[in-house]
Structure formats: C-alpha cells, structure tokens
Amino acid sequence: MQINNGKPGISVVIPNYNGKSLLDKNLPFIYAALKVSRCSYEVIVPDDASVDDSVAFLQHHYPQVILIESAKNGGFSVNINKGIAAASYDLVLLLNSDIKLSENYFEHQLKYFASADTFGVMGLVLDEGTNQMAEACKYPKTSTFKINHIKNLPLTGNNDVYTFYLSGGNALVDRHKLIELGGFNEIFSPFYHEDLDLSLRAWESGFKCYYENNAVCWHAVSATIKAHSSKNKIKVIVTRNKLLLHYFHLQGWRLYLWSVITFLSLAVRWVSGKLYYYKAWQLYIRKLPQMKAYKNQFIQEATGKKQYIPYIKVKENIKKSLDTKFKTTE
C-alpha cells in the first residue's frame, strides 16, 4: 500500500456503493462541519462499482471530491482501504454515507489526539427518525468466549471515556496508526465485523479508542447491504466473519474451548434448521489458513514493538475503567 507522509488536517473517507441519494443529502453537512473545524481537509469517496449514478453525481456537483472508481465490487474493507491509502492528512474520518454530521462534530474530538497513544474516537449516533440513541460508547459484556457481546452505554458529557470499539460509520482515527495496522482486514470482505476487528487490533497494539458524547451525528437507515445481497447470503457472511473474528482474537485455553464448542454445535445447528451455518463454517475453514498467518504476523510485529496486549486483558481494562467511572451494570 503506497501512502503519503501526511500533514495536519482531516481526510474524510466515505465508501460508497449505490449511495447517490445519501451523498446528495449528507455531503453539505460534512462540508459544513469541516469548515467549522478550521482544519485543512479533503473528502475522498472510493466507489465500489456502483450501478446508480453516484459517480456522475459527484463529478458534476462535487468536482473537488477525490473520487476513486473501481471496476468491480470488492466489498467494504477493500473499498475503504483504497480511500485510506489516498488520504493526505494526519486524521482520517471513516464515515458511512448514511451519516449526517452536526456542525460542531469535530470540536470535541481533536483534543484526544494530543495523546500519543490515541488511535481514534467516535461520537454519539442518533437515529435520524426518532432522535434516540442508535450507537454510543461500546461496553463489552461479561462473556468467557463471545467477543461481540456488547451494549451501547448511554453517557452524558464525560471526557476520556474508553470504548470497546469504534463504529466504522463515524470514526476519527490517527492515519499513521491506521496504516501501521494495515487498515481494515480484507479477509472480512464483503462486509461485517471489520470495525470491531480493527479497533481490537488497535487496543491489542497498545493504542486507545475513545468515545465523545458531545460529537453528535445522525444515522438514516440504509438498505445498501440488503439490496446488494440476499438475506441468506448476509447470514452466511455474518456467521463466517464472526467465526474468523473469534479465531483471531481468542488465545490459549479460550481459543481451544471455543473451537471445540463451536465444532460440536454443528449438530445442534442441523437439528434447529440453521443450515446456513454449514455454508458459513465451510467458508470459515477455507479462510482459516489465511487468517492464521495474519494473526501470527500481527502478534509477532506487536510483540516485537513491546506493545502487544492480549484481547482478554484489553477487555478487562476497558470494563474496569467504565465500571469504575459509571458503576456500570449489565
């Protein structure tokens, strides 16, 4: 991946697939927030072979946007990594096209990057229709094996709050650390669990992820993935990626027991009629050698830098911090 050296400012990367109407709706709010930030900025839209008129719309109405066109659809990780590679500024806002930013969205986030170990920060996501909380601080629930056992923690006006992971829909991250981690793991393509995996790799590398309650944005329900894939295909991909996620981040006896229990559960899935699980398992086994090599390389590099923190320790640290500050109950 060829990268730029970087300079002070914000690169907004908006992965797009058939999102012309969303871009039309939300780009004005993005530019308004960037202008209020008083930072240098650029907007990058990697387009994942859209079949609507997204490309023509951007070329005509937003010629200043850095548009990256793909000849074929590669999925979320592949597409957004192209935008990350093209980014010029030190901070990168990873933003979904269905997110609308508040005008002062960046005001309370930039301070976090004064700390050398900050990987990134996410804001409060409200449902555009109801104005109710859609996503907030990610709190990891108690579980021996289950990594994606998480709840949104409603907070008010607190600073320096850890979050288990940064939502891929509105994460402001340190570009240099993002490049160091290799961006999103493309093994997860076409979609799901990429943001959780990336954030955990950041934590495991000794970096920190924060939640800022005063950085507000709104989410409009988008049917992009549903329109792109059948319901059964989505279930297969979600399950495959969940298996890959757990294999990568679990270690020692937890990984061994998880593997045994997961394999034994195949019979239960059959009886309960969840036949999609068998296709997901097959795809997981096919990807396993690649993920194993990726995991070994990641641990070796992080350990070599003397900054590797095992997943279970990461989870304990985050839970302890949040429980201490907010007396959290599950």
# chains A, B, ... in the order shown; residues from 1 in each chain; ligands from 1
call {"tool": "closest_atom_pairs", "arguments": {"of": "segment 243-296 of chain A", "to": "segment 185-196 of chain A", "cutoff": "8 Å", "atoms": "only C-alpha atoms", "output": "tab-separated table"}}
result
residue	atom	partner	partner_atom	distance
A:Leu245	CA	A:His193	CA	7.3
A:Lys287	CA	A:Ile187	CA	7.6
A:Met291	CA	A:Ile187	CA	7.5
call {"tool": "write_last_selection", "arguments": {"atoms": "N, CA and C atoms", "output": "PDB file, in the first residue's frame"}}
result
ATOM      1  N   LEU A 245     -13.446 -13.663  13.403  1.00  0.00           N
ATOM      2  CA  LEU A 245     -13.151 -12.678  14.439  1.00  0.00           C
ATOM      3  C   LEU A 245     -12.715 -13.364  15.729  1.00  0.00           C
ATOM      4  N   LYS A 287     -10.982 -20.009   4.845  1.00  0.00           N
ATOM      5  CA  LYS A 287     -10.233 -18.779   5.134  1.00  0.00           C
ATOM      6  C   LYS A 287      -9.245 -18.955   6.295  1.00  0.00           C
ATOM      7  N   MET A 291      -6.157 -16.499   7.748  1.00  0.00           N
ATOM      8  CA  MET A 291      -6.320 -15.765   8.996  1.00  0.00           C
ATOM      9  C   MET A 291      -5.262 -16.171  10.018  1.00  0.00           C
TER      10      MET A 291
END
call {"tool": "residues_around", "arguments": {"residues": "segment 109-111 of chain A", "least_positions_apart": "5", "cutoff": "12 Å", "atoms": "only C-alpha atoms", "output": "ChimeraX atom specification"}}
result
/A:8-10,37-39,90-93,104,116,118-124,159-161,170-174,209-216
call {"tool": "select_by_dssp", "arguments": {"residues": "segment 23-230 of chain A", "states": "strand (DSSP E or B)", "output": "count of residues only"}}
result
61
call {"tool": "atom_distance", "arguments": {"atom1": "atom CA of Tyr31 of chain A", "atom2": "atom CA of Asp98 of chain A"}}
result
14.8 Å
call {"tool": "closest_residue", "arguments": {"among": "A:Ala136, A:Ile14, A:Asn81, A:Val271", "to": "Leu178 of chain A", "atoms": "only C-alpha atoms"}}
result
A:Asn81
call {"tool": "closest_residue", "arguments": {"among": "A:Tyr276, A:Trp281, A:Phe207, A:Phe248", "to": "Lys233 of chain A", "atoms": "only C-alpha atoms"}}
result
A:Tyr276
call {"tool": "residues_around", "arguments": {"residues": "segment 321-327 of chain A", "least_positions_apart": "3", "cutoff": "12 Å", "atoms": "only C-alpha atoms", "output": "list in words"}}
result
Cys137, Lys138, Tyr139, Pro140, Lys141, Thr142, Leu153, Pro154, Leu155, Thr156, Asn158, Asn159, Asp160, Val161, Tyr162, Thr163, Phe164, Tyr210, Tyr211, Val314, Lys315, Glu316, Asn317, Ile318 and Glu330 of chain A
call {"tool": "residues_around", "arguments": {"residues": "Asp48 of chain A", "least_positions_apart": "5", "cutoff": "8 Å", "atoms": "only C-alpha atoms", "output": "ChimeraX atom specification"}}
result
/A:15-17,69-75,79
call {"tool": "residues_around", "arguments": {"residues": "Ala134 of chain A", "least_positions_apart": "3", "cutoff": "9 Å", "atoms": "only C-alpha atoms", "output": "NGL selection string"}}
result
:A and (124-127 or 131 or 152 or 218-219)
call {"tool": "write_last_selection", "arguments": {"atoms": "N, CA and C atoms", "output": "tab-separated table (two decimals), in the first residue's frame"}}
result
chain	number	residue	atom	x	y	z
A	124	LEU	N	-21.48	10.23	19.35
A	124	LEU	CA	-22.82	9.73	19.61
A	124	LEU	C	-23.62	9.69	18.30
A	125	VAL	N	-24.22	8.55	18.02
A	125	VAL	CA	-25.04	8.39	16.82
A	125	VAL	C	-26.50	8.34	17.23
A	126	LEU	N	-27.28	9.26	16.69
A	126	LEU	CA	-28.71	9.30	16.96
A	126	LEU	C	-29.48	8.80	15.74
A	127	ASP	N	-30.61	8.18	15.99
A	127	ASP	CA	-31.49	7.78	14.89
A	127	ASP	C	-32.13	9.02	14.31
A	131	ASN	N	-34.53	10.50	16.79
A	131	ASN	CA	-33.57	11.27	17.59
A	131	ASN	C	-33.17	10.54	18.87
A	152	ASN	N	-24.58	-0.69	23.94
A	152	ASN	CA	-24.34	0.76	23.88
A	152	ASN	C	-24.57	1.35	25.26
A	218	TRP	N	-26.16	11.85	13.02
A	218	TRP	CA	-27.44	11.16	12.86
A	218	TRP	C	-27.33	10.08	11.78
A	219	HIS	N	-27.99	8.97	12.05
A	219	HIS	CA	-27.97	7.85	11.11
A	219	HIS	C	-29.35	7.65	10.51
call {"tool": "residues_around", "arguments": {"residues": "His61 of chain A", "least_positions_apart": "3", "cutoff": "12 Å", "atoms": "only C-alpha atoms", "output": "list in words"}}
result
Lys20, Leu23, Asp24, Leu27, Pro28, Asp53, Ser54, Val55, Ala56, Phe57, Leu58, Gln64 and Val65 of chain A
call {"tool": "write_last_selection", "arguments": {"atoms": "N, CA and C atoms", "output": "mmCIF file, in the first residue's frame"}}
result
data_model
loop_
_atom_site.group_PDB
_atom_site.id
_atom_site.type_symbol
_atom_site.label_atom_id
_atom_site.label_comp_id
_atom_site.auth_asym_id
_atom_site.auth_seq_id
_atom_site.Cartn_x
_atom_site.Cartn_y
_atom_site.Cartn_z
ATOM 1 N N LYS A 20 -25.971 7.431 -4.144
ATOM 2 C CA LYS A 20 -26.114 8.783 -4.703
ATOM 3 C C LYS A 20 -27.048 9.654 -3.877
ATOM 4 N N LEU A 23 -25.390 10.630 -0.548
ATOM 5 C CA LEU A 23 -24.335 11.619 -0.754
ATOM 6 C C LEU A 23 -24.941 12.995 -1.007
ATOM 7 N N ASP A 24 -25.962 13.028 -1.819
ATOM 8 C CA ASP A 24 -26.650 14.282 -2.111
ATOM 9 C C ASP A 24 -27.190 14.915 -0.837
ATOM 10 N N LEU A 27 -23.559 15.237 2.114
ATOM 11 C CA LEU A 27 -22.311 15.939 1.835
ATOM 12 C C LEU A 27 -22.331 17.408 2.276
ATOM 13 N N PRO A 28 -23.435 18.128 2.111
ATOM 14 C CA PRO A 28 -23.439 19.523 2.593
ATOM 15 C C PRO A 28 -23.154 19.634 4.091
ATOM 16 N N ASP A 53 -26.134 6.389 -10.371
ATOM 17 C CA ASP A 53 -25.359 7.482 -10.971
ATOM 18 C C ASP A 53 -24.542 8.244 -9.925
ATOM 19 N N SER A 54 -24.025 7.518 -8.914
ATOM 20 C CA SER A 54 -23.197 8.135 -7.876
ATOM 21 C C SER A 54 -21.998 8.862 -8.474
ATOM 22 N N VAL A 55 -21.291 8.202 -9.369
ATOM 23 C CA VAL A 55 -20.069 8.768 -9.937
ATOM 24 C C VAL A 55 -20.378 10.037 -10.724
ATOM 25 N N ALA A 56 -21.379 9.970 -11.578
ATOM 26 C CA ALA A 56 -21.745 11.140 -12.380
ATOM 27 C C ALA A 56 -22.198 12.289 -11.482
ATOM 28 N N PHE A 57 -22.934 11.972 -10.427
ATOM 29 C CA PHE A 57 -23.398 12.993 -9.493
ATOM 30 C C PHE A 57 -22.217 13.712 -8.844
ATOM 31 N N LEU A 58 -21.240 12.963 -8.368
ATOM 32 C CA LEU A 58 -20.083 13.575 -7.718
ATOM 33 C C LEU A 58 -19.262 14.393 -8.706
ATOM 34 N N GLN A 64 -14.610 18.729 -6.470
ATOM 35 C CA GLN A 64 -13.485 18.784 -5.524
ATOM 36 C C GLN A 64 -13.289 17.477 -4.769
ATOM 37 N N VAL A 65 -14.275 16.618 -4.787
ATOM 38 C CA VAL A 65 -14.154 15.319 -4.120
ATOM 39 C C VAL A 65 -13.133 14.459 -4.859
#
call {"tool": "decode", "arguments": {"residues": "segment 147-275 of chain A", "atoms": "C-alpha atoms", "output": "PDB file, in the first residue's frame"}}
result
ATOM      1  CA  ILE A 147     -16.321 -11.177  21.645  1.00  0.00           C
ATOM      2  CA  ASN A 148     -19.268  -9.428  20.015  1.00  0.00           C
ATOM      3  CA  HIS A 149     -21.308  -9.435  23.261  1.00  0.00           C
ATOM      4  CA  ILE A 150     -21.642  -5.654  23.521  1.00  0.00           C
ATOM      5  CA  LYS A 151     -24.102  -2.974  24.563  1.00  0.00           C
ATOM      6  CA  ASN A 152     -24.339   0.757  23.884  1.00  0.00           C
ATOM      7  CA  LEU A 153     -23.687   2.710  27.064  1.00  0.00           C
ATOM      8  CA  PRO A 154     -25.643   5.996  27.342  1.00  0.00           C
ATOM      9  CA  LEU A 155     -23.406   8.693  28.841  1.00  0.00           C
ATOM     10  CA  THR A 156     -23.651  12.432  29.382  1.00  0.00           C
ATOM     11  CA  GLY A 157     -20.866  14.956  28.932  1.00  0.00           C
ATOM     12  CA  ASN A 158     -17.898  12.895  30.119  1.00  0.00           C
ATOM     13  CA  ASN A 159     -14.417  13.109  28.656  1.00  0.00           C
ATOM     14  CA  ASP A 160     -11.699  10.462  28.168  1.00  0.00           C
ATOM     15  CA  VAL A 161     -14.156   7.567  28.066  1.00  0.00           C
ATOM     16  CA  TYR A 162     -12.879   4.321  26.576  1.00  0.00           C
ATOM     17  CA  THR A 163     -14.955   2.440  24.026  1.00  0.00           C
ATOM     18  CA  PHE A 164     -14.534  -1.249  23.211  1.00  0.00           C
ATOM     19  CA  TYR A 165     -14.555  -0.402  19.542  1.00  0.00           C
ATOM     20  CA  LEU A 166     -15.070   2.475  17.143  1.00  0.00           C
ATOM     21  CA  SER A 167     -18.076   2.307  14.879  1.00  0.00           C
ATOM     22  CA  GLY A 168     -16.896   2.116  11.286  1.00  0.00           C
ATOM     23  CA  GLY A 169     -19.651   4.575  10.426  1.00  0.00           C
ATOM     24  CA  ASN A 170     -18.144   7.588  12.231  1.00  0.00           C
ATOM     25  CA  ALA A 171     -14.606   7.002  13.489  1.00  0.00           C
ATOM     26  CA  LEU A 172     -11.975   9.750  13.532  1.00  0.00           C
ATOM     27  CA  VAL A 173      -8.627   7.966  13.618  1.00  0.00           C
ATOM     28  CA  ASP A 174      -4.903   8.596  13.553  1.00  0.00           C
ATOM     29  CA  ARG A 175      -3.927   7.889   9.972  1.00  0.00           C
ATOM     30  CA  HIS A 176      -0.374   6.793  10.772  1.00  0.00           C
ATOM     31  CA  LYS A 177      -1.577   4.191  13.289  1.00  0.00           C
ATOM     32  CA  LEU A 178      -4.281   3.094  10.848  1.00  0.00           C
ATOM     33  CA  ILE A 179      -1.625   2.482   8.196  1.00  0.00           C
ATOM     34  CA  GLU A 180       0.599   0.733  10.747  1.00  0.00           C
ATOM     35  CA  LEU A 181      -2.234  -1.716  11.432  1.00  0.00           C
ATOM     36  CA  GLY A 182      -2.730  -2.295   7.710  1.00  0.00           C
ATOM     37  CA  GLY A 183      -6.170  -0.707   7.577  1.00  0.00           C
ATOM     38  CA  PHE A 184      -9.238  -2.933   7.596  1.00  0.00           C
ATOM     39  CA  ASN A 185      -8.657  -6.663   7.271  1.00  0.00           C
ATOM     40  CA  GLU A 186      -9.869  -7.548   3.779  1.00  0.00           C
ATOM     41  CA  ILE A 187     -10.440 -11.161   4.831  1.00  0.00           C
ATOM     42  CA  PHE A 188     -13.785  -9.910   6.175  1.00  0.00           C
ATOM     43  CA  SER A 189     -14.966  -8.659   2.771  1.00  0.00           C
ATOM     44  CA  PRO A 190     -17.597  -8.078   1.618  1.00  0.00           C
ATOM     45  CA  PHE A 191     -18.962  -6.783   4.973  1.00  0.00           C
ATOM     46  CA  TYR A 192     -19.483  -7.058   8.776  1.00  0.00           C
ATOM     47  CA  HIS A 193     -17.203  -7.129  11.852  1.00  0.00           C
ATOM     48  CA  GLU A 194     -14.382  -5.154  10.179  1.00  0.00           C
ATOM     49  CA  ASP A 195     -14.675  -2.199  12.559  1.00  0.00           C
ATOM     50  CA  LEU A 196     -14.711  -4.370  15.685  1.00  0.00           C
ATOM     51  CA  ASP A 197     -11.662  -6.265  14.464  1.00  0.00           C
ATOM     52  CA  LEU A 198      -9.738  -3.086  13.587  1.00  0.00           C
ATOM     53  CA  SER A 199     -10.456  -1.490  16.971  1.00  0.00           C
ATOM     54  CA  LEU A 200      -9.406  -4.606  18.849  1.00  0.00           C
ATOM     55  CA  ARG A 201      -6.171  -4.773  16.880  1.00  0.00           C
ATOM     56  CA  ALA A 202      -5.590  -1.145  17.861  1.00  0.00           C
ATOM     57  CA  TRP A 203      -6.175  -1.938  21.537  1.00  0.00           C
ATOM     58  CA  GLU A 204      -4.003  -5.046  21.319  1.00  0.00           C
ATOM     59  CA  SER A 205      -1.245  -2.899  19.793  1.00  0.00           C
ATOM     60  CA  GLY A 206      -1.199  -0.617  22.821  1.00  0.00           C
ATOM     61  CA  PHE A 207      -3.373   2.159  21.351  1.00  0.00           C
ATOM     62  CA  LYS A 208      -6.587   3.564  22.819  1.00  0.00           C
ATOM     63  CA  CYS A 209     -10.096   4.146  21.473  1.00  0.00           C
ATOM     64  CA  TYR A 210     -12.363   6.807  22.945  1.00  0.00           C
ATOM     65  CA  TYR A 211     -15.999   7.833  22.920  1.00  0.00           C
ATOM     66  CA  GLU A 212     -17.006  11.509  22.859  1.00  0.00           C
ATOM     67  CA  ASN A 213     -20.635  12.121  23.779  1.00  0.00           C
ATOM     68  CA  ASN A 214     -20.605  15.735  22.546  1.00  0.00           C
ATOM     69  CA  ALA A 215     -19.711  14.772  18.966  1.00  0.00           C
ATOM     70  CA  VAL A 216     -23.183  14.141  17.575  1.00  0.00           C
ATOM     71  CA  CYS A 217     -24.268  12.719  14.251  1.00  0.00           C
ATOM     72  CA  TRP A 218     -27.439  11.157  12.861  1.00  0.00           C
ATOM     73  CA  HIS A 219     -27.971   7.854  11.112  1.00  0.00           C
ATOM     74  CA  ALA A 220     -30.622   7.219   8.500  1.00  0.00           C
ATOM     75  CA  VAL A 221     -31.465   3.558   7.977  1.00  0.00           C
ATOM     76  CA  SER A 222     -29.851   2.430   4.747  1.00  0.00           C
ATOM     77  CA  ALA A 223     -30.727  -0.682   2.763  1.00  0.00           C
ATOM     78  CA  THR A 224     -27.452  -0.793   0.805  1.00  0.00           C
ATOM     79  CA  ILE A 225     -26.285  -4.187   2.072  1.00  0.00           C
ATOM     80  CA  LYS A 226     -29.767  -5.692   1.911  1.00  0.00           C
ATOM     81  CA  ALA A 227     -30.148  -4.525  -1.660  1.00  0.00           C
ATOM     82  CA  HIS A 228     -26.740  -5.933  -2.552  1.00  0.00           C
ATOM     83  CA  SER A 229     -27.187  -9.396  -1.010  1.00  0.00           C
ATOM     84  CA  SER A 230     -29.920 -11.896  -0.209  1.00  0.00           C
ATOM     85  CA  LYS A 231     -30.971 -12.439   3.395  1.00  0.00           C
ATOM     86  CA  ASN A 232     -29.448 -15.910   3.448  1.00  0.00           C
ATOM     87  CA  LYS A 233     -26.143 -14.691   1.991  1.00  0.00           C
ATOM     88  CA  ILE A 234     -25.952 -11.981   4.644  1.00  0.00           C
ATOM     89  CA  LYS A 235     -26.467 -14.578   7.411  1.00  0.00           C
ATOM     90  CA  VAL A 236     -23.733 -16.765   5.929  1.00  0.00           C
ATOM     91  CA  ILE A 237     -21.240 -13.883   5.693  1.00  0.00           C
ATOM     92  CA  VAL A 238     -22.050 -12.550   9.168  1.00  0.00           C
ATOM     93  CA  THR A 239     -21.555 -16.012  10.680  1.00  0.00           C
ATOM     94  CA  ARG A 240     -18.331 -16.675   8.771  1.00  0.00           C
ATOM     95  CA  ASN A 241     -16.889 -13.341   9.846  1.00  0.00           C
ATOM     96  CA  LYS A 242     -17.935 -13.892  13.455  1.00  0.00           C
ATOM     97  CA  LEU A 243     -16.030 -17.165  13.441  1.00  0.00           C
ATOM     98  CA  LEU A 244     -12.968 -15.501  11.904  1.00  0.00           C
ATOM     99  CA  LEU A 245     -13.151 -12.678  14.439  1.00  0.00           C
ATOM    100  CA  HIS A 246     -13.134 -15.080  17.369  1.00  0.00           C
ATOM    101  CA  TYR A 247     -10.325 -17.185  15.956  1.00  0.00           C
ATOM    102  CA  PHE A 248      -8.135 -14.121  15.520  1.00  0.00           C
ATOM    103  CA  HIS A 249      -8.612 -12.540  18.938  1.00  0.00           C
ATOM    104  CA  LEU A 250      -9.051 -15.502  21.291  1.00  0.00           C
ATOM    105  CA  GLN A 251      -5.935 -17.250  22.597  1.00  0.00           C
ATOM    106  CA  GLY A 252      -4.825 -20.146  24.783  1.00  0.00           C
ATOM    107  CA  TRP A 253      -7.479 -22.251  26.502  1.00  0.00           C
ATOM    108  CA  ARG A 254     -10.235 -19.848  25.455  1.00  0.00           C
ATOM    109  CA  LEU A 255      -9.442 -20.400  21.787  1.00  0.00           C
ATOM    110  CA  TYR A 256      -9.212 -24.168  22.278  1.00  0.00           C
ATOM    111  CA  LEU A 257     -12.517 -24.464  24.142  1.00  0.00           C
ATOM    112  CA  TRP A 258     -14.254 -22.057  21.766  1.00  0.00           C
ATOM    113  CA  SER A 259     -13.082 -24.148  18.798  1.00  0.00           C
ATOM    114  CA  VAL A 260     -14.318 -27.389  20.380  1.00  0.00           C
ATOM    115  CA  ILE A 261     -17.684 -25.953  21.435  1.00  0.00           C
ATOM    116  CA  THR A 262     -18.198 -24.288  18.049  1.00  0.00           C
ATOM    117  CA  PHE A 263     -17.479 -27.540  16.203  1.00  0.00           C
ATOM    118  CA  LEU A 264     -19.773 -29.556  18.468  1.00  0.00           C
ATOM    119  CA  SER A 265     -22.550 -27.010  17.932  1.00  0.00           C
ATOM    120  CA  LEU A 266     -22.763 -28.026  14.276  1.00  0.00           C
ATOM    121  CA  ALA A 267     -25.092 -30.874  15.229  1.00  0.00           C
ATOM    122  CA  VAL A 268     -27.358 -28.510  17.167  1.00  0.00           C
ATOM    123  CA  ARG A 269     -27.476 -26.124  14.198  1.00  0.00           C
ATOM    124  CA  TRP A 270     -28.586 -29.002  11.974  1.00  0.00           C
ATOM    125  CA  VAL A 271     -31.396 -30.029  14.310  1.00  0.00           C
ATOM    126  CA  SER A 272     -32.574 -26.441  14.686  1.00  0.00           C
ATOM    127  CA  GLY A 273     -32.664 -25.988  10.912  1.00  0.00           C
ATOM    128  CA  LYS A 274     -29.903 -23.368  10.712  1.00  0.00           C
ATOM    129  CA  LEU A 275     -28.410 -24.875   7.575  1.00  0.00           C
TER     130      LEU A 275
END
